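Worksheet: the structure to be examined is printed underneath.
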4 protein chains.
Amino acid sequence: MKTARVFRLSMDHPGDLSELETLISSGTIAASEVVAIIGKTEGNGGVNDFTRGYFTQTLMALLSKHLGKPARQLIHEIPCVLSGGTEGVMSPHYSVFAIREVDASARQFPSALAIGTAFSPPVAAEDVGRRAHVESVAAAVRRAIANAGIDNLSDVHFVQVKCPCVTVARAAAAIAAGKTLLTNDPNKSMALARAAGAFGVALALGEIKASDFSDASLLSDFSIQSPRASISSGVEVESNEVIVLGNSSAWAGPLRISHRPMSDALDIGGIVNVLADLDIKANPQVSAMDAARIACVLVKCEPDRRGKVRGNRHTMLDDTDINAQRHIRGAVAGLVAGVVGDGRIFVSGGAEHQGPDGGGLIAVIASQQRGA
Amino acid sequence: MKTARVFRLSMDHPGDLSELETLISSGTIAASEVVAIIGKTEGNGGVNDFTRGYFTQTLMALLSKHLGKPARQLIHEIPCVLSGGTEGVMSPHYSVFAIREVDASARQFPSALAIGTAFSPPVAAEDVGRRAHVESVAAAVRRAIANAGIDNLSDVHFVQVKCPCVTVARAAAAIAAGKTLLTNDPNKSMALARAAGAFGVALALGEIKASDFSDASLLSDFSIQSPRASISSGVEVESNEVIVLGNSSAWAGPLRISHRPMSDALDIGGIVNVLADLDIKANPQVSAMDAARIACVLVKCEPDRRGKVRGNRHTMLDDTDINAQRHIRGAVAGLVAGVVGDGRIFVSGGAEHQGPDGGGLIAVIASQQRGA
Amino acid sequence: MKTARVFRLSMDHPGDLSELETLISSGTIAASEVVAIIGKTEGNGGVNDFTRGYFTQTLMALLSKHLGKPARQLIHEIPCVLSGGTEGVMSPHYSVFAIREVDASARQFPSALAIGTAFSPPVAAEDVGRRAHVESVAAAVRRAIANAGIDNLSDVHFVQVKCPCVTVARAAAAIAAGKTLLTNDPNKSMALARAAGAFGVALALGEIKASDFSDASLLSDFSIQSPRASISSGVEVESNEVIVLGNSSAWAGPLRISHRPMSDALDIGGIVNVLADLDIKANPQVSAMDAARIACVLVKCEPDRRGKVRGNRHTMLDDTDINAQRHIRGAVAGLVAGVVGDGRIFVSGGAEHQGPDGGGLIAVIASQQRGA
Amino acid sequence: MKTARVFRLSMDHPGDLSELETLISSGTIAASEVVAIIGKTEGNGGVNDFTRGYFTQTLMALLSKHLGKPARQLIHEIPCVLSGGTEGVMSPHYSVFAIREVDASARQFPSALAIGTAFSPPVAAEDVGRRAHVESVAAAVRRAIANAGIDNLSDVHFVQVKCPCVTVARAAAAIAAGKTLLTNDPNKSMALARAAGAFGVALALGEIKASDFSDASLLSDFSIQSPRASISSGVEVESNEVIVLGNSSAWAGPLRISHRPMSDALDIGGIVNVLADLDIKANPQVSAMDAARIACVLVKCEPDRRGKVRGNRHTMLDDTDINAQRHIRGAVAGLVAGVVGDGRIFVSGGAEHQGPDGGGLIAVIASQQRGA
């Protein structure tokens with residue numbers, strides 16, 4: 001029987017993996033148990049944010065040393081999803097997801113946190129942001145769900161996908177080969193790729209059917225959305241990388257996950273409700289004892305495209321000095337951290353089709369064991 | 001008998017006073033009733049934030065037109081306190097404080113919101129940040145309290161002071177006259193001036209005694225603080241400008257004010273408690289009906305100087321791209337707006353000695369009348 | 001006979017017109033002689049740069065006071081073209097263009113600086129960025145040339161146009177009226193409007209013919225460009241506002257203008273050559289005596305869309321912290337200021353179709369009189 | 001006999017050392033010949049610029065692989081000096097300094113570029129910014145000069161020093177040990193450390209005598225300066241790391257170095273003169289043939305503390321959105337790149353006591369061989 005473990009670790013800078021090194025050296029985690037990483041690094045979260053690459057290089061070198069496999073192989077086996085930007089009260093940290101075999105007698109609860117990962121084949125540049133991309137994501141998500149041993153799609157609570165986008169080089173190669181691209185602008189293709197990722201998750205989870213959308217629906221029909229999809233996109237990947245988190249009776253351990261959509265950036269109700277799902281009270285703040293049960297907080301959010309939050313004008317989209325995603329991350333993180341009483345939360349922007357338009361989603365992993 | 005009225009108005013840009021113009025034109029407010037303005041403009045909140053000057057010029061031209069007095073006179077009669085920076089979910093807005101004479105029979109509640117304002121004589125450059133500055137503020141605060149007709153110091157809930165600082169020109173003149181300045185760096189003098197303002201408020205409110213501090217205590221002994229002081233500093237003023245807000249049985253009307261310290265940037269309890277003081281429940285968010293009773297939300301906050309929030313490292317103080325005050329305003333505004341369900345809140349940084357170190361304060365003005 | 005005068009004035013902040021006030025009060029300029037303003041204010045140059053509005057409000061109030069006309073009328077009579085962003089060594093300043101009647105005997109040189117201005121009718125939202133817009137600009141430019149009394153198109157050296165763009169409100173009204181817009185995104189419409197302005201100038205100057213382009217050429221065929229067009233676009237105007245600067249034998253006075261294209265951001269040759277056209281040597285820097293002859297320096301530039309400058313990668317387009325236009329303005333201003341030895345130069349970004357792709361243009365106004 | 005070689009290499013991102021890898025793999029450079037690196041990475045150049053750490057980690061891993069020594073040892077043997085921030089037209093690049101033994105018959109010129117490096121012992125936190133720090137730098141510089149085989153101090157043209165500063169941890173340890181620090185603010189200590197570095201270079205080069213200064217002179221008496229000192233400071237080093245570049249008859253090869261002070265940010269004369277020293281004409285730009293002779297351009301600059309450049313107000317020091325060092329680097333790089341026709345230049349800020357106040361210095365390494 002498997003048990004999923006989550007270690008939320010702090011870092012002093014994006015190249016500081018010392019806490020993981022200590023856990024591995026002390027035997028608390030075996031390097032071979034590590035299956036995925038989700039973290040927040042202290043960059044700007046934009047195209048020129050190199051804190052993600054720095055962290056990834058350091059992580060893969062560390063695992064390579066312990067596993068005796070080259071880093072360039074590990075990078076295609078262990079999804080490492082990083083969101084740059086620790087605006088406001090957010091604290092740079094990373095969650096290490098590890099799987100350990102345990103005896104079936106170790107089971108404490110009827111169901112527990114289950115983890116599955118998958119990598120799709122490379123996505124052709126001409127497919128980015130189109131149905132073929134959506135289906136590639138959906139297939140990988142289905143494999144990750146199977147891999148996690150989750151039977152019921154309603155038990156899936158969070159699907160993280162890192163999607164490839166078009167780069168200048170890939171665009172040139174595709175055009176030379178006579179292909180037609182949706183866009184050859186890397187920035188536009190990143191948003192398209194995120195949309196394809198969200199559609200793929202919705203398709204795999206049965207939230208939409210293949211006939212519910214066309215290529216034109218991406219970044220246009222915002223009624224199509226999945227409150228369980230968390231998508232990032234980057235030039236550094238060529239395949240879709242998938243991490244599925246849910247609950248399953250096939251897994252042991254005390255952890256459990258739940259999720260809720262957030263209707264907008266002020267939806268404190270969504271936060272309180274997802275905690276209540278896990279039997280954690282926020283009155284108004286989670287108690288220190290209950291906070292210790294929380295293993296991971298995952299949030300997606302978006303500056304409202306229509307320029308208003310609850311009828312009042314916001315200035316995020318017109319700010320030439322601070323990127324709009326930095327604004328919204330800082331605001332939503334302030335709210336979530338205030339409720340849970342902790343700044344070690346993953347709050348990521350770029351939430352197109354991931355939860356309600358202008359809002360997003362929140363997922364929380366917590367121990368079912370009090371006083372744990 | 002007097003009644004204090006508060007109008008929270010939105011703007012499309014920092015030169016847009018059209019909502020106030022409409023209220024004056026329609027007779028809802030008489031220009032002569034306006035006694036003070038507190039607002040948030042969409043600049044960067046730093047030295048080169050000209051949205052404050054633009055708004056002030058537009059406001060004074062508007063009032064000048066209606067009052068037949070020159071703008072340069074009004075600027076010394078009507079405090080206009082602006083904080084730049086509407087990070088995240090904050091919405092650019094301004095609160096107009098107006099006083100109207102009403103018949104004593106209009107009284108609805110035993111006590112009601114009371115407003116007093118005062119201007120001190122100019123502060124000499126060599127006095128900035130020293131005891132003489134503290135005493136100048138204290139004297140002006142005492143006059144504003146008297147002017148507000150508040151008998152009991154515990155009925156004062158919020159004291160806004162705008163303090164002069166040292167400019168390059170004033171420093172040069174003072175040095176030429178043989179004076180010794182604490183600093184001739186305008187930025188350092190702004191922090192010193194804010195500290196002097198907070199000490200002056202604490203002294204006037206009897207929170208500290210004259211013997212409790214020396215010049216060296218400013219910006220150094222952070223155990224000295226007033227959770228009712230909200231201080232800004234700017235090169236554009238030469239006198240201390242004071243707005244006192246409290247409750248008094250000598251005033252009529254439905255409004256009432258309360259305040260609470262905020263222990264740190266995650267202190268959601270402080271927010272919920274100040275609302276409870278005004279009989280407003282946040283469960284977890286204020287209901288739309290109760291939100292309509294809220295006339296004004298005033299918050300001061302500060303990125304923790306020690307580099308951590310509740311034991312976790314934050315990155316606000318080391319960010320070369322985004323000023324630390326912009327970070328903390330966005331985070332705390334996200335939390336407060338999430339609780340009250342409204343982005344029209346005044347959240348200002350630079351909270352040295354204004355509430356607990358690393359935290360700040362929150363004051364709320366609300367109607368005591370349900371369904372109002 | 002007319003003479004054109006140019007006063008390059010400094011400001012302490014965007015609301016500081018004191019130098020112009022002094023010149024008017026002292027009689028050096030009559031308010032009625034002022035026909036146009038071109039200036040650099042210290043904002044960020046983006047959508048949320050309010051230093052332009054602040055300066056314009058202050059200027060129009062000043063002229064209104066002296067002319068006895070309402071500011072809202074003057075704003076449609078006197079073009080005030082401001083570029084935000086004084087990156088690096090640029091110094092905030094504004095050039096006041098004034099016309100005075102002089103006796104024909106005052107003529108010193110065969111030809112002299114000539115100025116013409118014009119305002120087009122309002123541009124419909126559905127026309128922005130289309131042929132109708134191009135033709136509206138061209139017609140206004142022709143009127144301004146006639147108005148300047150310039151007979152030969154080759155004597156026109158600089159045409160500044162401020163073009164209206166689509167705003168959210170205008171887009172909504174046009175769509176409600178059944179019109180089809182090129183875009184309803186204000187930012188995209190600004191670039192389209194600048195392209196239409198550049199095409200309009202090229203058309204009016206005979207650099208291109210009406211049959212040389214279609215709507216699709218704008219922002220796409222960068223071989224079409226005018227090295228005499230300097231275009232800005234803003235939500236605050238509804239008409240095309242035009243300032244034409246050239247040389248004419250019908251004008252008296254010592255000033256003269258010349259221009260040169262700049263092939264890229266490193267084209268120091270273009271700078272040295274335009275100075276040589278005016279008989280000013282840069283060896284390597286203009287001497288103090290010759291620098292005193294320079295009345296105005298006007299530059300347009302652009303971060304190269306292809307990501308390289310002379311074969312080496314630049315990072316301007318991928319920087320999430322600093323806007324690309326701020327980068328390029330700072331760099332090109334550093335070069336121009338180094339050659340002329342003065343930071344009071346107008347360097348503006350957004351140079352699509354204004355000079356060579358990836359480059360731009362430079363125009364200089366200088367006195368033909370040595371020791372003046 | 002030794003010959004110094006300089007390879008100026010481009011990178012696609014801060015972790016891209018592929019050009020060096022290629023040179024080593026192809027045998028053009030032996031890893032053991034590499035003695036120092038000076039480069040510009042595309043970060044913000046501030047405290048939270050992790051592009052320097054990312055590059056250094058990648059470099060040391062690469063050299064470690066080829067040399068069979070651990071990276072943590074190499075970091076104390078090979079100075080790697082990086083300046084973050086490729087504002088404007090600057091292109092991310094790094095110069096690899098390598099030394100090769102050649103036969104004395106290979107000598108082509110009477111003297112040639114000579115390189116020496118040295119590491120001082122660790123500097124105690126309580127010594128940072130004091131005479132002991134100055135002397136520690138001076139001793140290391142003297143060793144590096146000896147190590148370079150330069151006999152005449154006037155043949156030294158550029159001394160790069162990376163100085164340790166106070167960190168929170170080092171400050172705490174020193175205070176616990178009863179020591180008194182000049183400051184425990186890391187940012188202030190960085191400026192003090194740079195000042196100590198510049199004084200140390202001036203002392204070692206005989207530009208000042210030990211009796212010419214006291215501790216109080218640092219960051220205060222700006223008449224003390226060395227136009228050959230280029231200092232950076234960082235939390236990542238504990239020792240002073242020194243690279244000395246000069247000319248010596250003991251070295252072979254075609255390269256030669258020269259330097260000039262820059263009196264201010266507009267001093268194009270300094271640039272043209274240092275090129276002339278190397279027999280390179282800029283008229284106004286260096287020809288492509290001569291540009292190919294240039295191996296390295298090294299510049300230090302500073303936003304003028306007095307708020308003006310040649311009498312005109314600049315806005316760099318009051319900008320809350322863009323750090324002043326980013327402003328000045330972009331401007332000076334625009335000027336230098338325009339003269340040399342190439343964006344691969346090292347322009348670094350923080351030039352206290354390194355050249356004239358408000359200015360800085362420029363050093364150029366070029367081949368004496370035409371058509372090389």
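Labeling convention for the structure tokens: chains A, B, ... as they appear, residues from 1 per chain, ligands from 1 in order of appearance.
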
Distance-based interface of chain D with chain B, 8 Å, counting only C-alpha atoms, as a short mmCIF file (atom, residue, chain, number, x, y, z; two decimals) with N, CA, C and O atoms, in the first residue's frame:
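iface09.cif was written with the following content:
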data_model
loop_
_atom_site.label_atom_id
_atom_site.label_comp_id
_atom_site.auth_asym_id
_atom_site.auth_seq_id
_atom_site.Cartn_x
_atom_site.Cartn_y
_atom_site.Cartn_z
N ASN D 44 18.36 42.29 -12.02
CA ASN D 44 18.11 43.70 -11.71
C ASN D 44 19.30 44.38 -11.06
O ASN D 44 19.28 45.59 -10.82
N GLY D 46 20.29 44.15 -8.07
CA GLY D 46 20.07 44.49 -6.66
C GLY D 46 20.30 43.31 -5.74
O GLY D 46 20.86 42.28 -6.13
N VAL D 47 19.86 43.47 -4.50
CA VAL D 47 20.04 42.43 -3.49
C VAL D 47 19.35 41.14 -3.94
O VAL D 47 19.87 40.04 -3.76
N ASN D 48 18.18 41.27 -4.55
CA ASN D 48 17.44 40.06 -4.97
C ASN D 48 17.70 39.70 -6.43
O ASN D 48 16.81 39.23 -7.14
N ASP D 318 15.13 59.85 -7.20
CA ASP D 318 13.80 59.93 -6.58
C ASP D 318 12.81 58.98 -7.20
O ASP D 318 11.61 59.07 -6.96
N ASP D 319 13.28 58.03 -8.02
CA ASP D 319 12.35 57.16 -8.72
C ASP D 319 12.07 55.91 -7.89
O ASP D 319 12.94 55.09 -7.67
N THR D 320 10.83 55.78 -7.44
CA THR D 320 10.44 54.62 -6.64
C THR D 320 10.22 53.38 -7.50
O THR D 320 10.20 52.27 -6.99
N ASP D 321 10.08 53.57 -8.82
CA ASP D 321 9.79 52.44 -9.70
C ASP D 321 11.05 51.77 -10.24
O ASP D 321 11.12 50.56 -10.37
N ILE D 322 12.05 52.57 -10.60
CA ILE D 322 13.28 52.02 -11.16
C ILE D 322 14.44 52.47 -10.29
O ILE D 322 14.61 53.66 -10.03
N ASN D 323 15.24 51.51 -9.87
CA ASN D 323 16.40 51.78 -9.04
C ASN D 323 17.38 52.71 -9.76
O ASN D 323 17.60 52.59 -10.97
#

Shell around Ile271 in chain A at 10 Å using only C-alpha atoms, local window under 2 positions removed, as a PDB file with C-alpha atoms, in the first residue's frame:
ATOM      1  CA  HIS A 259     -10.689  22.233  -3.308  1.00  0.00           C
ATOM      2  CA  ARG A 260     -13.129  25.076  -3.931  1.00  0.00           C
ATOM      3  CA  PRO A 261     -13.522  27.633  -6.702  1.00  0.00           C
ATOM      4  CA  MET A 262     -12.919  31.281  -5.779  1.00  0.00           C
ATOM      5  CA  LEU A 266     -12.399  38.864  -2.413  1.00  0.00           C
ATOM      6  CA  ASP A 267     -13.958  35.417  -2.029  1.00  0.00           C
ATOM      7  CA  ILE A 268     -12.944  34.691   1.549  1.00  0.00           C
ATOM      8  CA  GLY A 269     -15.894  32.278   1.645  1.00  0.00           C
ATOM      9  CA  ASN A 273     -15.203  26.534   2.968  1.00  0.00           C
ATOM     10  CA  VAL A 274     -12.280  24.498   1.652  1.00  0.00           C
ATOM     11  CA  LEU A 275     -10.849  24.489   5.168  1.00  0.00           C
ATOM     12  CA  ALA A 276     -14.225  23.409   6.557  1.00  0.00           C
ATOM     13  CA  ALA A 282     -11.164  29.637  10.579  1.00  0.00           C
ATOM     14  CA  VAL A 299      -4.204  28.907  -5.149  1.00  0.00           C
ATOM     15  CA  LEU A 335      -6.185  37.238   2.126  1.00  0.00           C
ATOM     16  CA  VAL A 336      -5.357  33.522   2.155  1.00  0.00           C
ATOM     17  CA  VAL A 339      -7.082  33.213   7.080  1.00  0.00           C
ATOM     18  CA  VAL A 340      -4.592  30.367   7.490  1.00  0.00           C
ATOM     19  CA  LEU A 361      -9.472  28.249  -7.087  1.00  0.00           C
ATOM     20  CA  ILE A 362      -7.987  27.052  -3.820  1.00  0.00           C
ATOM     21  CA  ALA A 363      -6.924  23.537  -2.845  1.00  0.00           C
ATOM     22  CA  VAL A 364      -5.645  22.518   0.577  1.00  0.00           C
TER      23      VAL A 364
ATOM     24  CA  PRO B 284     -16.409  35.329   7.185  1.00  0.00           C
TER      25      PRO B 284
END

Query - Shell of 9 Å around range 220-231 of chain D, only C-alpha atoms, local chain residues under 5 positions omitted, as number ranges by chain - result: D: 156-163, 193-195, 197-202, 205, 207-208, 212-213, 259-262, 298-300, 348, 350-357, 360-363

Requested in this report: Run DSSP on the backbone and give me the residues of range 8-225 of chain C it puts in helix (DSSP H, G or I), as a ChimeraX atom specification.
Outcome: /C:18-25,31-33,51-67,71-74,104-106,125-127,131-148,153-155,168-176,186-204,210-212,215-217

Requested in this report: Could you please determine the separation between CA of Ser111 in chain D and CA of Ser248 in chain D in Å, to one decimal place?
Outcome: 5.0 Å

Report task. Please run DSSP on the backbone and report, as a ChimeraX atom specification, all residues within range 62-282 of chain A that come out as strand (DSSP E). Result -> /A:80-84,93-101,112-122,156-164,229-234,239-248,251-252,255-262

**Report entry** Long-range neighbours of Gly84 in chain A as a ChimeraX atom specification, 12 Å cut-off, only C-alpha atoms, 3 positions minimum in chain
**Finding:** /A:14,38-55,81,87,90-94,232,234,325-326,329-330,346-350 /C:320

Report task. Please provide as a ChimeraX atom specification all residues within 7 Å of range 60-62 of chain A, with the sequence filter that same-chain residues fewer than 5 positions apart are discarded (counting only C-alpha atoms). Result -> /A:71,74-75

Requested in this report: Determine, counting only C-alpha atoms, which protein, DNA and RNA residues have an atom within 10 Å of an atom of range 21-24 of chain C; residues of the same chain fewer than 3 positions away are not included. Present the result as JSON, numbers by chain.
Outcome: {"C": [7, 9, 16, 17, 18, 27, 28, 29, 30, 31, 32, 59, 62, 63, 66]}

Could you pull the residues within 6 Å of range 118-133 of chain B, counting only C-alpha atoms, minus those fewer than 6 positions along the same chain, as a short mmCIF file (atom, residue, chain, number, x, y, z; two decimals) with N, CA and C atoms, in the first residue's frame?
data_model
loop_
_atom_site.label_atom_id
_atom_site.label_comp_id
_atom_site.auth_asym_id
_atom_site.auth_seq_id
_atom_site.Cartn_x
_atom_site.Cartn_y
_atom_site.Cartn_z
N ALA B 140 -1.12 70.73 18.24
CA ALA B 140 -2.12 70.80 17.18
C ALA B 140 -3.19 69.73 17.37
N ALA B 144 -7.18 70.25 17.78
CA ALA B 144 -8.17 69.57 16.93
C ALA B 144 -9.18 68.80 17.77
N VAL B 166 12.32 67.61 5.96
CA VAL B 166 13.42 68.46 5.49
C VAL B 166 13.50 68.36 3.97
N THR B 180 21.79 73.06 13.29
CA THR B 180 22.22 71.68 13.09
C THR B 180 21.00 70.79 12.87
N LEU B 181 21.00 70.07 11.78
CA LEU B 181 19.85 69.21 11.45
C LEU B 181 20.14 67.77 11.84
N LEU B 192 11.69 60.19 10.08
CA LEU B 192 11.80 60.88 11.37
C LEU B 192 10.56 61.71 11.65
N ALA B 193 10.05 62.38 10.61
CA ALA B 193 8.87 63.21 10.79
C ALA B 193 7.66 62.35 11.14
N ALA B 196 7.98 61.49 14.73
CA ALA B 196 7.61 62.64 15.57
C ALA B 196 6.10 62.80 15.60
N ASP B 215 14.92 62.38 22.28
CA ASP B 215 15.08 62.42 20.82
C ASP B 215 15.54 61.06 20.27
N GLU B 238 4.51 72.63 5.30
CA GLU B 238 5.48 73.23 6.22
C GLU B 238 4.97 73.16 7.65
N SER B 239 3.64 72.97 7.80
CA SER B 239 3.03 72.85 9.12
C SER B 239 2.56 71.42 9.31
N ASN B 240 2.28 71.05 10.55
CA ASN B 240 1.61 69.79 10.81
C ASN B 240 0.12 69.99 10.57
N GLU B 241 -0.46 69.15 9.75
CA GLU B 241 -1.89 69.23 9.46
C GLU B 241 -2.59 68.06 10.16
N VAL B 242 -3.62 68.34 10.92
CA VAL B 242 -4.21 67.31 11.79
C VAL B 242 -5.71 67.13 11.52
#

Requested in this report: One decimal, Å: what's the distance from CA of Ala171 in chain B over to CA of Gln73 in chain B, could you say?
Outcome: 25.2 Å
